[in-house]
Structure formats: structure tokens, C-alpha cells
file work_37.tsv (TSV, C-alpha atoms)
chain	number	residue	atom	x	y	z
A	27	MET	CA	160.71	128.75	146.61
A	28	ALA	CA	156.95	129.15	146.86
A	29	SER	CA	154.92	126.19	145.81
A	30	SER	CA	152.44	126.73	143.09
A	31	GLY	CA	148.73	126.44	143.94
A	32	PRO	CA	146.60	123.52	142.89
A	33	SER	CA	146.36	123.15	139.16
A	34	ALA	CA	143.08	124.11	137.55
A	35	PRO	CA	140.96	121.13	136.48
A	36	GLU	CA	141.14	120.38	132.83
A	37	PRO	CA	137.90	121.03	130.97
A	38	SER	CA	135.95	117.83	130.39
A	39	GLN	CA	135.89	116.60	126.83
A	40	PRO	CA	132.50	115.83	125.28
A	41	ARG	CA	131.91	112.15	124.87
A	42	PRO	CA	131.83	111.01	121.26
A	43	THR	CA	128.36	110.24	120.06
A	44	HIS	CA	127.74	107.06	118.12
A	45	PRO	CA	124.83	106.38	115.80
A	46	ARG	CA	122.12	104.42	117.53
A	47	HIS	CA	120.27	101.55	115.95
A	48	PHE	CA	117.11	102.66	114.13
A	49	SER	CA	118.08	106.29	114.65
A	50	MET	CA	116.68	107.10	111.20
A	51	LEU	CA	113.19	106.06	112.33
A	52	ARG	CA	113.38	108.62	115.13
A	53	GLU	CA	113.59	111.33	112.45
A	54	PHE	CA	110.30	110.25	110.88
A	55	HIS	CA	107.18	112.29	111.40
A	56	LEU	CA	103.75	110.76	111.90
A	57	ALA	CA	102.87	111.33	108.24
A	58	ASP	CA	105.93	109.35	107.14
A	59	PHE	CA	104.58	106.18	108.75
A	60	PHE	CA	101.38	106.55	106.71
A	61	THR	CA	103.61	106.88	103.64
A	62	LEU	CA	105.35	103.64	104.56
A	63	GLY	CA	101.92	102.05	104.93
A	64	ASN	CA	101.23	103.13	101.36
A	65	ALA	CA	104.42	101.39	100.20
A	66	ALA	CA	103.57	98.27	102.22
A	67	CYS	CA	100.15	98.04	100.52
A	68	GLY	CA	101.77	98.34	97.11
A	69	MET	CA	104.43	95.72	97.77
A	70	GLY	CA	101.90	93.35	99.33
A	71	ALA	CA	99.72	93.68	96.24
A	72	VAL	CA	102.64	92.93	93.92
A	73	LEU	CA	103.36	89.75	95.87
A	74	LEU	CA	99.70	88.77	95.71
A	75	ALA	CA	99.72	89.30	91.94
A	76	LEU	CA	102.67	86.91	91.72
A	77	SER	CA	100.82	84.49	93.99
A	78	TYR	CA	97.82	84.63	91.64
A	79	MET	CA	100.03	83.71	88.70
A	80	ALA	CA	101.39	80.73	90.64
A	81	SER	CA	98.13	79.48	92.16
A	82	GLY	CA	95.39	80.77	89.86
A	83	GLN	CA	93.27	81.70	92.88
A	84	LEU	CA	91.13	84.67	91.91
A	85	SER	CA	90.93	85.85	95.51
A	86	HIS	CA	94.65	86.68	95.41
A	87	PHE	CA	94.11	88.91	92.38
A	88	LEU	CA	91.10	90.67	93.89
A	89	VAL	CA	92.81	91.32	97.22
A	90	ALA	CA	95.82	92.71	95.35
A	91	ALA	CA	93.53	95.08	93.47
A	92	ALA	CA	91.80	96.10	96.72
A	93	LEU	CA	95.13	97.15	98.23
A	94	ALA	CA	95.47	99.89	95.59
A	95	PRO	CA	92.63	102.07	96.98
A	96	ALA	CA	93.92	101.31	100.49
A	97	ALA	CA	97.28	102.73	99.42
A	98	LEU	CA	95.48	105.76	97.97
A	99	VAL	CA	93.74	106.44	101.28
A	100	LEU	CA	97.08	106.31	103.10
A	101	ASP	CA	98.62	108.56	100.44
A	102	VAL	CA	95.90	111.17	100.99
A	103	LEU	CA	96.16	110.93	104.77
A	104	ASP	CA	99.93	111.40	104.87
A	105	GLY	CA	99.61	114.70	103.00
A	106	ARG	CA	96.80	115.96	105.21
A	107	ILE	CA	98.61	114.97	108.39
A	108	ALA	CA	101.82	116.67	107.24
A	109	ARG	CA	99.94	119.89	106.47
A	110	ALA	CA	97.96	119.81	109.71
A	111	ARG	CA	101.09	119.29	111.80
A	112	GLN	CA	103.24	121.55	109.58
A	113	GLN	CA	105.85	118.83	109.28
A	114	HIS	CA	106.85	118.98	105.63
A	115	SER	CA	110.38	117.76	104.93
A	116	PRO	CA	112.52	116.73	101.93
A	117	LEU	CA	112.68	113.23	103.42
A	118	GLY	CA	108.90	113.01	103.54
A	119	ARG	CA	108.60	114.17	99.94
A	120	GLU	CA	111.07	111.56	98.72
A	121	LEU	CA	109.38	108.84	100.77
A	122	ASP	CA	106.05	109.79	99.22
A	123	SER	CA	107.41	109.53	95.68
A	124	LEU	CA	109.09	106.19	96.28
A	125	ALA	CA	105.94	104.76	97.85
A	126	ASP	CA	103.79	106.09	95.00
A	127	ILE	CA	105.88	104.45	92.30
A	128	ILE	CA	105.34	101.09	94.00
A	129	SER	CA	101.62	101.42	94.68
A	130	PHE	CA	100.55	103.35	91.60
A	131	GLY	CA	103.23	102.39	89.09
A	132	VAL	CA	104.64	98.91	89.67
A	133	LEU	CA	101.43	97.52	91.20
A	134	PRO	CA	99.09	98.29	88.23
A	135	ALA	CA	101.73	97.00	85.80
A	136	ALA	CA	102.15	93.78	87.79
A	137	LEU	CA	98.38	93.28	87.92
A	138	GLY	CA	98.14	93.91	84.19
A	139	PHE	CA	100.81	91.30	83.51
A	140	ALA	CA	99.10	88.83	85.86
A	141	ALA	CA	95.79	89.50	84.08
A	142	GLY	CA	97.25	88.34	80.79
A	143	LEU	CA	99.04	91.34	79.26
A	144	ARG	CA	102.11	89.27	78.43
A	145	GLY	CA	102.53	89.85	74.71
A	146	GLY	CA	105.59	91.67	73.42
A	147	TRP	CA	103.76	94.96	72.83
A	148	ASP	CA	101.93	94.57	76.13
A	149	VAL	CA	105.22	94.42	77.99
A	150	VAL	CA	106.45	97.50	76.12
A	151	ALA	CA	103.29	99.37	77.17
A	152	LEU	CA	103.64	98.30	80.82
A	153	ILE	CA	107.30	99.32	80.97
A	154	TYR	CA	106.45	102.63	79.29
A	155	PHE	CA	103.71	103.22	81.87
A	156	VAL	CA	106.06	102.66	84.82
A	157	CYS	CA	108.80	104.83	83.27
A	158	CYS	CA	106.27	107.62	82.75
A	159	GLY	CA	105.28	107.35	86.40
A	160	VAL	CA	108.90	107.58	87.54
A	161	SER	CA	109.49	110.57	85.27
A	162	ARG	CA	106.33	112.31	86.43
A	163	LEU	CA	107.25	111.98	90.10
A	164	ALA	CA	110.82	113.15	89.49
A	165	ARG	CA	109.55	116.20	87.60
A	166	TYR	CA	107.10	116.99	90.39
A	167	ASN	CA	109.82	116.85	93.04
A	168	VAL	CA	112.06	119.16	91.04
A	169	THR	CA	109.37	121.68	90.11
A	170	ALA	CA	107.25	121.62	93.29
A	171	GLU	CA	108.89	124.73	94.72
A	172	SER	CA	108.42	126.78	91.57
A	173	LEU	CA	104.85	125.56	91.05
A	174	SER	CA	103.87	126.52	94.59
A	175	ALA	CA	104.92	130.14	93.90
A	176	GLY	CA	105.72	130.69	97.56
A	177	ALA	CA	102.44	129.25	98.79
A	178	ALA	CA	102.11	126.42	101.29
A	179	LYS	CA	101.35	123.86	98.61
A	180	VAL	CA	101.45	123.35	94.85
A	181	SER	CA	98.54	125.04	93.07
A	182	HIS	CA	98.23	122.57	90.19
A	183	PHE	CA	99.58	119.37	88.69
A	184	GLU	CA	101.38	119.20	85.35
A	185	GLY	CA	99.99	116.02	83.87
A	186	THR	CA	97.75	113.60	85.72
A	187	PRO	CA	98.93	112.56	89.20
A	188	ILE	CA	100.22	108.99	89.34
A	189	PRO	CA	97.54	107.89	91.86
A	190	THR	CA	94.99	108.18	89.03
A	191	SER	CA	96.25	104.74	88.00
A	192	VAL	CA	93.85	103.29	90.60
A	193	VAL	CA	91.31	103.58	87.76
A	194	LEU	CA	93.30	100.95	85.85
A	195	THR	CA	93.47	98.75	88.93
A	196	ALA	CA	89.71	99.06	89.45
A	197	LEU	CA	89.11	98.14	85.80
A	198	LEU	CA	91.31	95.05	86.13
A	199	ALA	CA	89.44	94.02	89.28
A	200	LEU	CA	86.10	94.39	87.47
A	201	LEU	CA	87.31	92.33	84.51
A	202	ALA	CA	88.67	89.67	86.85
A	203	TRP	CA	85.34	89.51	88.67
A	204	GLN	CA	83.61	89.03	85.27
A	205	GLY	CA	86.09	86.36	84.19
A	206	ARG	CA	87.50	88.58	81.42
A	207	ILE	CA	91.21	88.10	82.14
A	208	GLY	CA	93.67	85.41	81.12
A	209	GLU	CA	92.52	83.52	78.04
A	210	GLN	CA	89.24	85.48	78.01
A	211	ILE	CA	90.89	88.89	78.39
A	212	TRP	CA	88.73	91.84	77.45
A	213	GLY	CA	89.39	93.20	73.95
A	214	GLY	CA	90.96	90.07	72.55
A	215	THR	CA	94.39	89.92	70.94
A	216	TRP	CA	95.98	91.68	67.98
A	217	GLN	CA	98.90	90.10	66.15
A	218	LEU	CA	101.28	92.88	65.11
A	219	GLY	CA	104.50	90.91	64.88
A	220	TRP	CA	104.31	90.71	68.66
A	221	GLN	CA	101.03	90.17	70.46
A	222	LEU	CA	99.13	93.24	71.61
A	223	HIS	CA	96.04	93.24	73.78
A	224	PRO	CA	94.02	96.46	73.37
A	225	LEU	CA	93.76	96.68	77.16
A	226	ALA	CA	97.50	97.47	77.26
A	227	LEU	CA	96.83	100.67	75.31
A	228	LEU	CA	95.07	102.07	78.38
A	229	PHE	CA	98.37	101.80	80.26
A	230	ALA	CA	100.15	103.63	77.45
A	231	LEU	CA	97.47	106.35	77.51
A	232	SER	CA	97.69	106.73	81.29
A	233	GLY	CA	101.47	107.04	81.12
A	234	SER	CA	101.28	109.65	78.36
A	235	LEU	CA	98.81	111.75	80.35
A	236	MET	CA	101.13	111.66	83.38
A	237	ILE	CA	104.07	113.18	81.49
A	238	SER	CA	102.00	115.82	79.65
A	239	LYS	CA	103.33	119.37	80.04
A	240	THR	CA	100.23	121.06	78.67
A	241	LEU	CA	97.64	119.27	80.81
A	242	ARG	CA	97.22	121.22	84.05
A	243	ILE	CA	94.97	119.98	86.84
A	244	PRO	CA	94.19	122.20	89.86
A	245	LYS	CA	95.33	120.61	93.10
A	246	PRO	CA	92.61	120.50	95.78

call {"tool": "encode", "arguments": {"input": "work_37.tsv", "output": "C-alpha cells"}}
result
Amino acid sequence: MASSGPSAPEPSQPRPTHPRHFSMLREFHLADFFTLGNAACGMGAVLLALSYMASGQLSHFLVAAALAPAALVLDVLDGRIARARQQHSPLGRELDSLADIISFGVLPAALGFAAGLRGGWDVVALIYFVCCGVSRLARYNVTAESLSAGAAKVSHFEGTPIPTSVVLTALLALLAWQGRIGEQIWGGTWQLGWQLHPLALLFALSGSLMISKTLRIPKP
């Protein structure tokens, strides 16, 4: 009986791949690291605002306020880098929104609270401001594709962009420099059941402008 020839080698099986540590970071583009720098500035400023409340050192408050424009610069750069390198991604868009709510939503509210906006109505205004910022960013992410109308970028903003809150941060820094925060807070205090400082109304106004549907601002 003839012996059969040598058996054909079995095809090699691909080795199972396992997730590697920090593999998510390898998916980041250059612009995403600038976005994370934006978030780091915002979180650092929030911690400095808390440090000011604990220590009373004005330098902590002023440095916290200075980190807001630094975050804005990084926010502008990440967009320009993404467009220049044509590296737009859903991940980058979500990172940008999450960083913005820290630096331009939570940060101004934390500075306002540290500056003395601690009355009942003040807190309502600060919470309203942050919620408007969250809502504005969520709406932008959902409508960005339709607003761009097939173009490379969105043609206009519906409502004011959340980074415009750096104006509030700059105002708080100026008042702090002049000694018009804390017990000497600019505008004084109104007693309407709960305490209300007129300065808190600027946060309510900023939040309302962010969620406006009729206000349209061309995007540069």
C-alpha cells in the first residue's frame, strides 16, 4: 500500500492582539494635545480659585484668571492645527467640547464664587451659566454638520461661543486688582429673600446669549 506524501503544513493562526497600555494616546492627533492643554489650564485655574478661598492670597486669584486667556490661545491653536493638518475627528470634537466646558464654563463660575458671588441667587446664576454652556456645546456638536452645509467648517455660530466667557474672567481679574471683590464686591448686594450681587447678572446674561437661537455670529 503506497504511503501518503508528507502532510501539508497547517496555515499559521494569527496571534491574538491585546490592548496596549496608553493605546488611546496613540490615536490622538497633534491638535488633541493642545486641547488637553486647554483642559489642564482650566482645571489648574479652578484649583487656584479654591486655593485663593483657603489662603486669601490675591496672587492665586490673579494667576487663575490669567490661565483663562492661556486656555483660549490653546483652544484657537488646536482648531488651526487640525485644519492645517486635515485631521478632524469625532474624538477631537468631543475633546474640544469637554475642555471648553472646564476652561470657559466651570472656571469663570468658580472664580465668580471665589470673588464673593455666594448668595443664593448668585449660585443660581452661576449654575445657570454653566448649564447654558453645556447646552450650547452639545447643540453645536449635534448641528455642526448641518451648519457647515458641506463646507470644511461651520459658517456661523448660533448664540455666542462659550470662549467669550473670558470677558467675565478678565472683569473679575480687574475687580480683584482694584480690591473690589469679597466684602467690597463691585455693585454691592441686593436682598431679595436670598442675596443677589448685581455682578452675578452678567453670568446670567452671558449664559442666555450662549443658548440664543436667533443670535447668529459669523465664524472666522

call {"tool": "residues_around", "arguments": {"input": "work_37.tsv", "residues": "range 188-205 of chain A", "least_positions_apart": "3", "cutoff": "10 Å", "atoms": "all atoms listed in the file", "output": "number ranges by chain"}}
result
A: 84-85, 87-95, 97-98, 101-102, 123, 126-127, 129-131, 133-135, 137-138, 140-141, 155-156, 158-160, 162-163, 185, 208-212, 225, 228-229, 232-233, 235-237

call {"tool": "closest_residue", "arguments": {"input": "work_37.tsv", "among": "A:Asp104, A:Pro116, A:Ala136, A:Gly145", "to": "His223 in chain A", "atoms": "all atoms listed in the file"}}
result
A:Gly145

call {"tool": "atom_distance", "arguments": {"input": "work_37.tsv", "atom1": "CA of Ala226 in chain A", "atom2": "CA of Gly68 in chain A"}}
result
20.3 Å

call {"tool": "atom_distance", "arguments": {"input": "work_37.tsv", "atom1": "CA of Met79 in chain A", "atom2": "CA of Gly142 in chain A"}}
result
9.6 Å

call {"tool": "closest_residue", "arguments": {"input": "work_37.tsv", "among": "A:Gly118, A:Leu124, A:Gly82, A:Ser234", "to": "Ala66 in chain A", "atoms": "only C-alpha atoms"}}
result
A:Leu124

call {"tool": "closest_residue", "arguments": {"input": "work_37.tsv", "among": "A:Ile107, A:Val168, A:Val99, A:Ala75", "to": "Val132 in chain A", "atoms": "only C-alpha atoms"}}
result
A:Ala75

call {"tool": "atom_distance", "arguments": {"input": "work_37.tsv", "atom1": "CA of Ala80 in chain A", "atom2": "CA of Gly213 in chain A"}}
result
24.0 Å

call {"tool": "residues_around", "arguments": {"input": "work_37.tsv", "residues": "Ala230 in chain A", "least_positions_apart": "6", "cutoff": "8 Å", "atoms": "all atoms listed in the file", "output": "tab-separated table (two decimals) with C-alpha atoms, in the coordinates of the input"}}
result
chain	number	residue	atom	x	y	z
A	151	ALA	CA	103.29	99.37	77.17
A	152	LEU	CA	103.64	98.30	80.82
A	154	TYR	CA	106.45	102.63	79.29
A	155	PHE	CA	103.71	103.22	81.87
